[in-house]
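Everything on this sheet refers to the single structure shown next.
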Amino acid sequence: FYFDMNPDSLRKMVEPHVGPFDVSTLSRACVLNVTYPSSDLFLVIKLEKVLQGDINECAEPYMKDEKNLDKVRVNAVQCCERLGKYRMPFAWTAIYLMNVVSGVNSLERDSCSDKESTGSNSLDRKSSMSNFEQLRKRASDMGSLTRRGSLERRTSADKRYSWSPEDLTSSLDTFRPVTLTVTSFFKQESDKLRDEDLYKFLQDLKRPCSVLKKLKSIPGVLKLDISPFSEDVKGCLTPELEPLIPVSDFDTLSGSEGKSRPIKEILEFPAKEVLLPHFFYRNLLYVYPKELNFTGRTGSARNIAVKVQLMCGEEDHHALPVIFGKSSCPEYCPEAYSTVSYHNKCPNFYDEVKMSLPANLTDQHHLLFTFYHISCQRKLEQNTVETPVGYTWLPLFQDNRLQAGEFILPVMMDHPPPNYSYITPDVLLPGIKWVDNHKGIFTVHVEAVTSVHTQDIYLDHFLNLCATLEQGRIPQR
């Protein structure tokens, strides 16, 4: 879930790069469904900013009293004008949700009245298949609580590190809406972008640990309203951006503060498989670039961005506008860019690219990954900001089956030749320059959530045989 808290005046600084916004991308509220409640649930918030340079240097104005603020503002305007299309990791924080669910009675009450607190907007709602049905009964019993931020979140309730199923159920039964106030964020370390690095930090959040004290803190305020689901919430959108009843009219939404905004349902990836029939059409693809190793590539390739496109052919105009926009941007885009790690030839990525798959896939549909070096510093002899430094691709529909899973792909130095989409990059084409002698250097994970294409290999084989027999063709043994 992506949200933009910047006012209109700041968003306009990057509007030439991202285009006009659609109403669905202005959401600041979401619906999260948890099928299997766990004592290890965290809410992770990541902050990004317009690409500027080294994370340490960019964070300095936020971490201390800056005397020359005019210089900082001028620099920000220049970066938005030139690099507003690109993002960089900046900061993060996490909230241990068991403290939210179980620590209501141990927290200090906010000074605002119950009448005032009932007017707050709900950021959490569940779908009808959730195991949190009992929480809905308490949606009208609103309270308002506050907690301290990232580095000072320790309370007496935190001393308990494990929860039995009975404790968890009891806490959920007594859970009431709560407002959390985060007052600081951890500065993002450029070499700690992997999910595995985040998991280690999350475990440290559950108990006193000196590791977190070593992380630098950036002051900032973020208020989160967390509450059970309420049936009468209006303006909800499904993961496919389809409106749910009761429907709200957002035609007059201008993006100004105080206006009504849509609420997005976030698709759940449960820890264990949920076996349920498909009641509606769903055909989504999630693409996760993971890591790239460009140490074997000569030339300037350090500030690397990955452009992801879903192609139905091999020309530029074959890029399909099926990528969901993130925040304050068009609803659908033909391309998505990863964050950029400054001066790093082996970057890790945490980006998620969500796509709406075409109903009818062909052999030419493929994911095209283009790697760019982004010039953060303006040079007189250089007119372009991005320079292509590599290409690779992933055919999506092979042997009549949608491809998903983790892939380690080689990277081509020049643009792929004609008819490349019919083969995989594992084929060593003659006369083509490959980075690091055709070794697999780019890791990407692809997750499909679809009612059209089965992900079970045995069921897929059975359906293909049925289709073959319907067409009057006898399959070969």
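Following the order of the structure tokens, chains are lettered A, B, ..., residues in each are numbered from 1, and ligands are numbered from 1.
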
message: as a PyMOL selection string, please: every residue in range 13-113 of chain A that DSSP puts in alpha helix (DSSP H).
response: chain A and resi 15-18+55-63+69-83+97-102

message: Give me, as an MDAnalysis selection string, all polymer residues having an atom no more than 9 Å from Gln403 in chain A, counting only C-alpha atoms and skipping those fewer than 4 positions away in the same chain.
response: chainID A and resid 394:398 446:448 455

message: For Ala336 in chain A, find every residue with an atom within 8 Å (counting only C-alpha atoms), except residues of its own chain fewer than 4 positions away, and show them as a PyMOL selection string.
response: chain A and resi 307-309+323+353

Could you write out that same residue set with C-alpha atoms as an mmCIF file, in the first residue's frame?
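Result file is again24.cif:
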data_model
loop_
_atom_site.group_PDB
_atom_site.id
_atom_site.type_symbol
_atom_site.label_atom_id
_atom_site.label_comp_id
_atom_site.auth_asym_id
_atom_site.auth_seq_id
_atom_site.Cartn_x
_atom_site.Cartn_y
_atom_site.Cartn_z
ATOM 1 C CA LYS A 307 12.539 -0.319 -15.469
ATOM 2 C CA VAL A 308 9.877 -3.032 -15.583
ATOM 3 C CA GLN A 309 7.440 -3.363 -18.503
ATOM 4 C CA ILE A 323 0.962 -1.527 -14.166
ATOM 5 C CA VAL A 353 5.354 -3.989 -9.253
#

Sort by chain and increasing residue number a table of all residues of range 23-60 of chain A within 10 Å of range 89-96 of chain A, each with its closest pair of atoms and their distance in Å to one decimal, counting only C-alpha atoms, and write it as JSON lines.
{"residue": "A:Ser39", "atom": "CA", "partner": "A:Tyr96", "partner_atom": "CA", "distance": 9.0}
{"residue": "A:Asp40", "atom": "CA", "partner": "A:Tyr96", "partner_atom": "CA", "distance": 7.7}
{"residue": "A:Leu41", "atom": "CA", "partner": "A:Tyr96", "partner_atom": "CA", "distance": 6.4}
{"residue": "A:Phe42", "atom": "CA", "partner": "A:Tyr96", "partner_atom": "CA", "distance": 4.7}
{"residue": "A:Leu43", "atom": "CA", "partner": "A:Ile95", "partner_atom": "CA", "distance": 5.0}
{"residue": "A:Val44", "atom": "CA", "partner": "A:Ala94", "partner_atom": "CA", "distance": 4.3}
{"residue": "A:Ile45", "atom": "CA", "partner": "A:Thr93", "partner_atom": "CA", "distance": 5.4}
{"residue": "A:Lys46", "atom": "CA", "partner": "A:Trp92", "partner_atom": "CA", "distance": 4.3}
{"residue": "A:Leu47", "atom": "CA", "partner": "A:Ala91", "partner_atom": "CA", "distance": 5.0}
{"residue": "A:Glu48", "atom": "CA", "partner": "A:Pro89", "partner_atom": "CA", "distance": 4.8}
{"residue": "A:Lys49", "atom": "CA", "partner": "A:Phe90", "partner_atom": "CA", "distance": 6.3}
{"residue": "A:Val50", "atom": "CA", "partner": "A:Pro89", "partner_atom": "CA", "distance": 9.0}
{"residue": "A:Leu51", "atom": "CA", "partner": "A:Pro89", "partner_atom": "CA", "distance": 8.5}
{"residue": "A:Asp54", "atom": "CA", "partner": "A:Phe90", "partner_atom": "CA", "distance": 9.9}
{"residue": "A:Ile55", "atom": "CA", "partner": "A:Phe90", "partner_atom": "CA", "distance": 6.6}
{"residue": "A:Asn56", "atom": "CA", "partner": "A:Phe90", "partner_atom": "CA", "distance": 9.2}
{"residue": "A:Cys58", "atom": "CA", "partner": "A:Phe90", "partner_atom": "CA", "distance": 8.3}
{"residue": "A:Ala59", "atom": "CA", "partner": "A:Phe90", "partner_atom": "CA", "distance": 7.5}

Written selection (C-alpha atoms) as a PDB file, in the first residue's frame:
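Saved result, part-v7.pdb, follows:
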ATOM      1  CA  SER A  39       2.044 -13.206  17.222  1.00  0.00           C
ATOM      2  CA  ASP A  40       4.723 -12.144  14.720  1.00  0.00           C
ATOM      3  CA  LEU A  41       2.748  -9.541  12.780  1.00  0.00           C
ATOM      4  CA  PHE A  42       4.438  -6.208  12.101  1.00  0.00           C
ATOM      5  CA  LEU A  43       3.318  -3.099  10.290  1.00  0.00           C
ATOM      6  CA  VAL A  44       6.321  -1.797   8.341  1.00  0.00           C
ATOM      7  CA  ILE A  45       6.380   1.770   7.006  1.00  0.00           C
ATOM      8  CA  LYS A  46       9.045   2.781   4.483  1.00  0.00           C
ATOM      9  CA  LEU A  47       9.772   6.346   3.450  1.00  0.00           C
ATOM     10  CA  GLU A  48      11.163   7.257   0.051  1.00  0.00           C
ATOM     11  CA  LYS A  49      12.253  10.561  -1.422  1.00  0.00           C
ATOM     12  CA  VAL A  50      13.209  11.945  -4.800  1.00  0.00           C
ATOM     13  CA  LEU A  51      16.639  10.686  -5.836  1.00  0.00           C
ATOM     14  CA  ASP A  54      24.067   9.420  -0.908  1.00  0.00           C
ATOM     15  CA  ILE A  55      21.552   8.515   1.820  1.00  0.00           C
ATOM     16  CA  ASN A  56      23.791   9.810   4.610  1.00  0.00           C
ATOM     17  CA  CYS A  58      20.505  13.479   2.100  1.00  0.00           C
ATOM     18  CA  ALA A  59      19.435  12.696   5.659  1.00  0.00           C
TER      19      ALA A  59
END

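Separating CA of Glu386 in chain A from CA of Met5 in chain A is a distance of 27.7 Å.
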
Long-range neighbours of range 367-371 of chain A as a PyMOL selection string, 10 Å cut-off, only C-alpha atoms, 3 positions minimum in chain: chain A and resi 287+289+292+301+303-312+314+319+335-338+364+374+386-396+411-413+415-416+421+442+444

Could you save those same residues with N, CA and C atoms as a CSV table (one decimal), in the first residue's frame?
chain,number,residue,atom,x,y,z
A,287,VAL,N,5.6,-8.5,-9.4
A,287,VAL,CA,6.9,-8.7,-9.8
A,287,VAL,C,7.8,-8.0,-8.8
A,289,PRO,N,11.8,-7.3,-8.3
A,289,PRO,CA,13.2,-7.3,-8.5
A,289,PRO,C,13.9,-7.5,-7.2
A,292,LEU,N,21.0,-7.4,-8.2
A,292,LEU,CA,21.7,-7.3,-9.4
A,292,LEU,C,23.2,-7.2,-9.1
A,301,ALA,N,28.2,2.4,-14.3
A,301,ALA,CA,26.9,1.8,-14.0
A,301,ALA,C,26.8,1.6,-12.5
A,303,ASN,N,24.6,4.1,-10.2
A,303,ASN,CA,23.3,4.5,-9.7
A,303,ASN,C,22.2,3.8,-10.6
A,304,ILE,N,21.9,2.6,-10.2
A,304,ILE,CA,21.1,1.7,-11.1
A,304,ILE,C,19.7,1.7,-10.8
A,305,ALA,N,18.8,1.9,-11.8
A,305,ALA,CA,17.4,1.8,-11.7
A,305,ALA,C,16.9,0.7,-12.7
A,306,VAL,N,16.0,-0.1,-12.3
A,306,VAL,CA,15.4,-1.1,-13.1
A,306,VAL,C,14.0,-0.7,-13.6
A,307,LYS,N,13.9,-0.6,-14.9
A,307,LYS,CA,12.5,-0.3,-15.5
A,307,LYS,C,11.9,-1.6,-15.8
A,308,VAL,N,10.6,-1.8,-15.4
A,308,VAL,CA,9.9,-3.0,-15.6
A,308,VAL,C,8.7,-2.7,-16.5
A,309,GLN,N,8.5,-3.5,-17.6
A,309,GLN,CA,7.4,-3.4,-18.5
A,309,GLN,C,6.8,-4.7,-18.8
A,310,LEU,N,5.5,-4.7,-19.1
A,310,LEU,CA,4.9,-5.9,-19.6
A,310,LEU,C,4.6,-5.7,-21.1
A,311,MET,N,5.3,-6.5,-21.9
A,311,MET,CA,5.3,-6.3,-23.4
A,311,MET,C,4.4,-7.3,-24.1
A,312,CYS,N,3.7,-6.9,-25.1
A,312,CYS,CA,2.9,-7.8,-26.0
A,312,CYS,C,3.6,-7.9,-27.3
A,314,GLU,N,7.7,-6.4,-29.4
A,314,GLU,CA,9.1,-6.1,-29.1
A,314,GLU,C,9.4,-4.6,-29.4
A,319,ALA,N,4.5,-1.8,-25.0
A,319,ALA,CA,4.5,-1.8,-23.6
A,319,ALA,C,3.0,-1.5,-23.1
A,335,GLU,N,5.0,1.5,-17.4
A,335,GLU,CA,6.3,1.1,-16.9
A,335,GLU,C,6.4,1.5,-15.4
A,336,ALA,N,7.3,0.8,-14.7
A,336,ALA,CA,7.6,1.1,-13.3
A,336,ALA,C,9.1,1.1,-13.1
A,337,TYR,N,9.6,2.0,-12.3
A,337,TYR,CA,11.0,2.1,-11.9
A,337,TYR,C,11.3,1.7,-10.5
A,338,SER,N,12.4,1.0,-10.3
A,338,SER,CA,12.8,0.6,-8.9
A,338,SER,C,13.4,1.8,-8.3
A,364,GLN,N,4.3,-14.1,-27.1
A,364,GLN,CA,5.0,-12.9,-27.2
A,364,GLN,C,4.9,-12.0,-25.9
A,374,ILE,N,21.7,6.2,-13.6
A,374,ILE,CA,21.1,7.5,-13.4
A,374,ILE,C,22.1,8.5,-13.0
A,386,GLU,N,19.3,9.4,-17.8
A,386,GLU,CA,19.4,8.0,-17.7
A,386,GLU,C,20.1,7.4,-19.0
A,387,THR,N,21.0,6.5,-18.7
A,387,THR,CA,21.8,5.8,-19.7
A,387,THR,C,21.5,4.3,-19.6
A,388,PRO,N,21.0,3.6,-20.7
A,388,PRO,CA,20.8,2.2,-20.6
A,388,PRO,C,22.1,1.4,-20.5
A,389,VAL,N,22.2,0.5,-19.5
A,389,VAL,CA,23.4,-0.3,-19.3
A,389,VAL,C,23.1,-1.8,-19.4
A,390,GLY,N,21.9,-2.2,-19.6
A,390,GLY,CA,21.7,-3.6,-19.7
A,390,GLY,C,20.2,-3.9,-19.9
A,391,TYR,N,19.9,-5.2,-20.4
A,391,TYR,CA,18.6,-5.6,-20.7
A,391,TYR,C,18.5,-7.1,-20.4
A,392,THR,N,17.3,-7.5,-19.9
A,392,THR,CA,17.0,-8.9,-19.9
A,392,THR,C,15.5,-9.0,-19.9
A,393,TRP,N,14.9,-10.2,-20.0
A,393,TRP,CA,13.5,-10.4,-20.2
A,393,TRP,C,13.1,-11.8,-19.7
A,394,LEU,N,11.8,-11.9,-19.5
A,394,LEU,CA,11.2,-13.2,-19.0
A,394,LEU,C,10.0,-13.5,-19.7
A,395,PRO,N,10.0,-14.5,-20.6
A,395,PRO,CA,8.7,-14.9,-21.3
A,395,PRO,C,7.7,-15.3,-20.2
A,396,LEU,N,6.4,-14.8,-20.4
A,396,LEU,CA,5.4,-15.1,-19.3
A,396,LEU,C,4.6,-16.3,-19.6
A,411,VAL,N,22.2,-10.9,-18.2
A,411,VAL,CA,21.8,-9.5,-18.7
A,411,VAL,C,22.6,-9.2,-19.9
A,412,MET,N,21.9,-8.7,-20.9
A,412,MET,CA,22.5,-8.4,-22.2
A,412,MET,C,22.9,-6.9,-22.2
A,413,MET,N,24.1,-6.6,-22.8
A,413,MET,CA,24.6,-5.2,-22.7
A,413,MET,C,23.9,-4.3,-23.7
A,415,HIS,N,20.5,-3.7,-26.7
A,415,HIS,CA,19.1,-4.0,-26.8
A,415,HIS,C,19.0,-5.3,-27.5
A,416,PRO,N,18.0,-6.1,-27.0
A,416,PRO,CA,17.8,-7.5,-27.6
A,416,PRO,C,17.5,-7.5,-29.0
A,421,SER,N,11.7,-12.3,-28.0
A,421,SER,CA,10.6,-12.6,-27.0
A,421,SER,C,10.2,-14.1,-27.1
A,442,PHE,N,20.9,-11.3,-12.4
A,442,PHE,CA,19.7,-10.5,-11.9
A,442,PHE,C,18.7,-11.5,-11.4
A,444,VAL,N,14.9,-12.1,-9.9
A,444,VAL,CA,13.6,-11.5,-9.8
A,444,VAL,C,12.6,-12.6,-9.4

- request: Find the spatial neighbours of range 6-16 of chain A, counting only C-alpha atoms, within a cut-off of 7 Å - ignore same-chain residues fewer than 4 positions away - and output them as a PyMOL selection string.
  value: chain A and resi 20+80-81+84+256

Residues within 6 Å of range 210-225 of chain A, please, as an mmCIF file with N, CA and C atoms, in the first residue's frame. Count only C-alpha atoms; anything in the same chain fewer than 3 positions from it doesn't count.
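To be explicit, this is the file written out as out-v7.cif:
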data_model
loop_
_atom_site.group_PDB
_atom_site.id
_atom_site.type_symbol
_atom_site.label_atom_id
_atom_site.label_comp_id
_atom_site.auth_asym_id
_atom_site.auth_seq_id
_atom_site.Cartn_x
_atom_site.Cartn_y
_atom_site.Cartn_z
ATOM 1 N N MET A 63 18.138 15.588 10.188
ATOM 2 C CA MET A 63 18.570 15.064 11.480
ATOM 3 C C MET A 63 19.159 16.129 12.393
ATOM 4 N N SER A 122 -11.114 5.352 9.620
ATOM 5 C CA SER A 122 -10.600 4.008 9.814
ATOM 6 C C SER A 122 -9.615 3.661 8.712
ATOM 7 N N LEU A 123 -8.464 3.111 9.118
ATOM 8 C CA LEU A 123 -7.480 2.673 8.133
ATOM 9 C C LEU A 123 -7.467 1.168 7.974
ATOM 10 N N VAL A 178 -7.566 2.321 17.814
ATOM 11 C CA VAL A 178 -6.472 3.019 18.481
ATOM 12 C C VAL A 178 -5.773 3.923 17.475
ATOM 13 N N THR A 179 -5.292 5.048 17.945
ATOM 14 C CA THR A 179 -4.489 5.959 17.132
ATOM 15 C C THR A 179 -3.046 5.887 17.607
ATOM 16 N N LEU A 180 -2.145 5.502 16.733
ATOM 17 C CA LEU A 180 -0.721 5.417 17.056
ATOM 18 C C LEU A 180 -0.004 6.625 16.481
ATOM 19 N N THR A 181 0.871 7.199 17.267
ATOM 20 C CA THR A 181 1.667 8.336 16.813
ATOM 21 C C THR A 181 3.135 7.932 16.776
ATOM 22 N N VAL A 182 3.697 7.867 15.597
ATOM 23 C CA VAL A 182 5.117 7.566 15.415
ATOM 24 C C VAL A 182 5.868 8.889 15.372
ATOM 25 N N THR A 183 6.887 9.030 16.202
ATOM 26 C CA THR A 183 7.594 10.307 16.311
ATOM 27 C C THR A 183 9.005 10.275 15.754
ATOM 28 N N SER A 184 9.451 9.125 15.265
ATOM 29 C CA SER A 184 10.785 9.067 14.665
ATOM 30 C C SER A 184 10.869 7.866 13.743
ATOM 31 N N PHE A 185 11.838 7.915 12.838
ATOM 32 C CA PHE A 185 12.053 6.848 11.871
ATOM 33 C C PHE A 185 13.533 6.476 11.870
ATOM 34 N N PHE A 186 13.809 5.223 11.533
ATOM 35 C CA PHE A 186 15.188 4.782 11.382
ATOM 36 C C PHE A 186 15.697 5.183 10.001
ATOM 37 N N LYS A 187 16.875 5.758 9.955
ATOM 38 C CA LYS A 187 17.482 6.067 8.660
ATOM 39 C C LYS A 187 17.810 4.765 7.939
#

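Between Thr454 in chain A and the candidates A:Leu402, A:Ile408, A:Cys30, A:Val427, the tightest atom-to-atom separation, counting only C-alpha atoms, involves A:Leu402.
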
- request: Please provide the set of residues having any atom within 8 Å of Arg82 in chain A, restricted to only C-alpha atoms, with same-chain residues fewer than 3 positions apart removed, written as a PyMOL selection string.
  value: chain A and resi 78-79+385

Could you save the residues just selected, with C-alpha atoms, as a short mmCIF file (atom, residue, chain, number, x, y, z; two decimals), in the first residue's frame?
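The result, written out as selection35.cif:
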data_model
loop_
_atom_site.label_atom_id
_atom_site.label_comp_id
_atom_site.auth_asym_id
_atom_site.auth_seq_id
_atom_site.Cartn_x
_atom_site.Cartn_y
_atom_site.Cartn_z
CA GLN A 78 16.60 21.33 -8.55
CA CYS A 79 16.46 17.61 -7.74
CA VAL A 385 19.68 11.71 -17.10
#

- request: as a ChimeraX atom specification, list the residues of range 280-372 of chain A assigned to strand (DSSP E) by DSSP on the backbone atoms of this structure.
  value: /A:283-292,304-311,323-324,332-333,336-337,353-356,366-372

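Note that the spacing between CA of Arg297 in chain A and CA of Val435 in chain A amounts to 5.7 Å.
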
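Rounded to one decimal, CA of Ser328 in chain A and CA of Cys376 in chain A lie 23.5 Å from each other.
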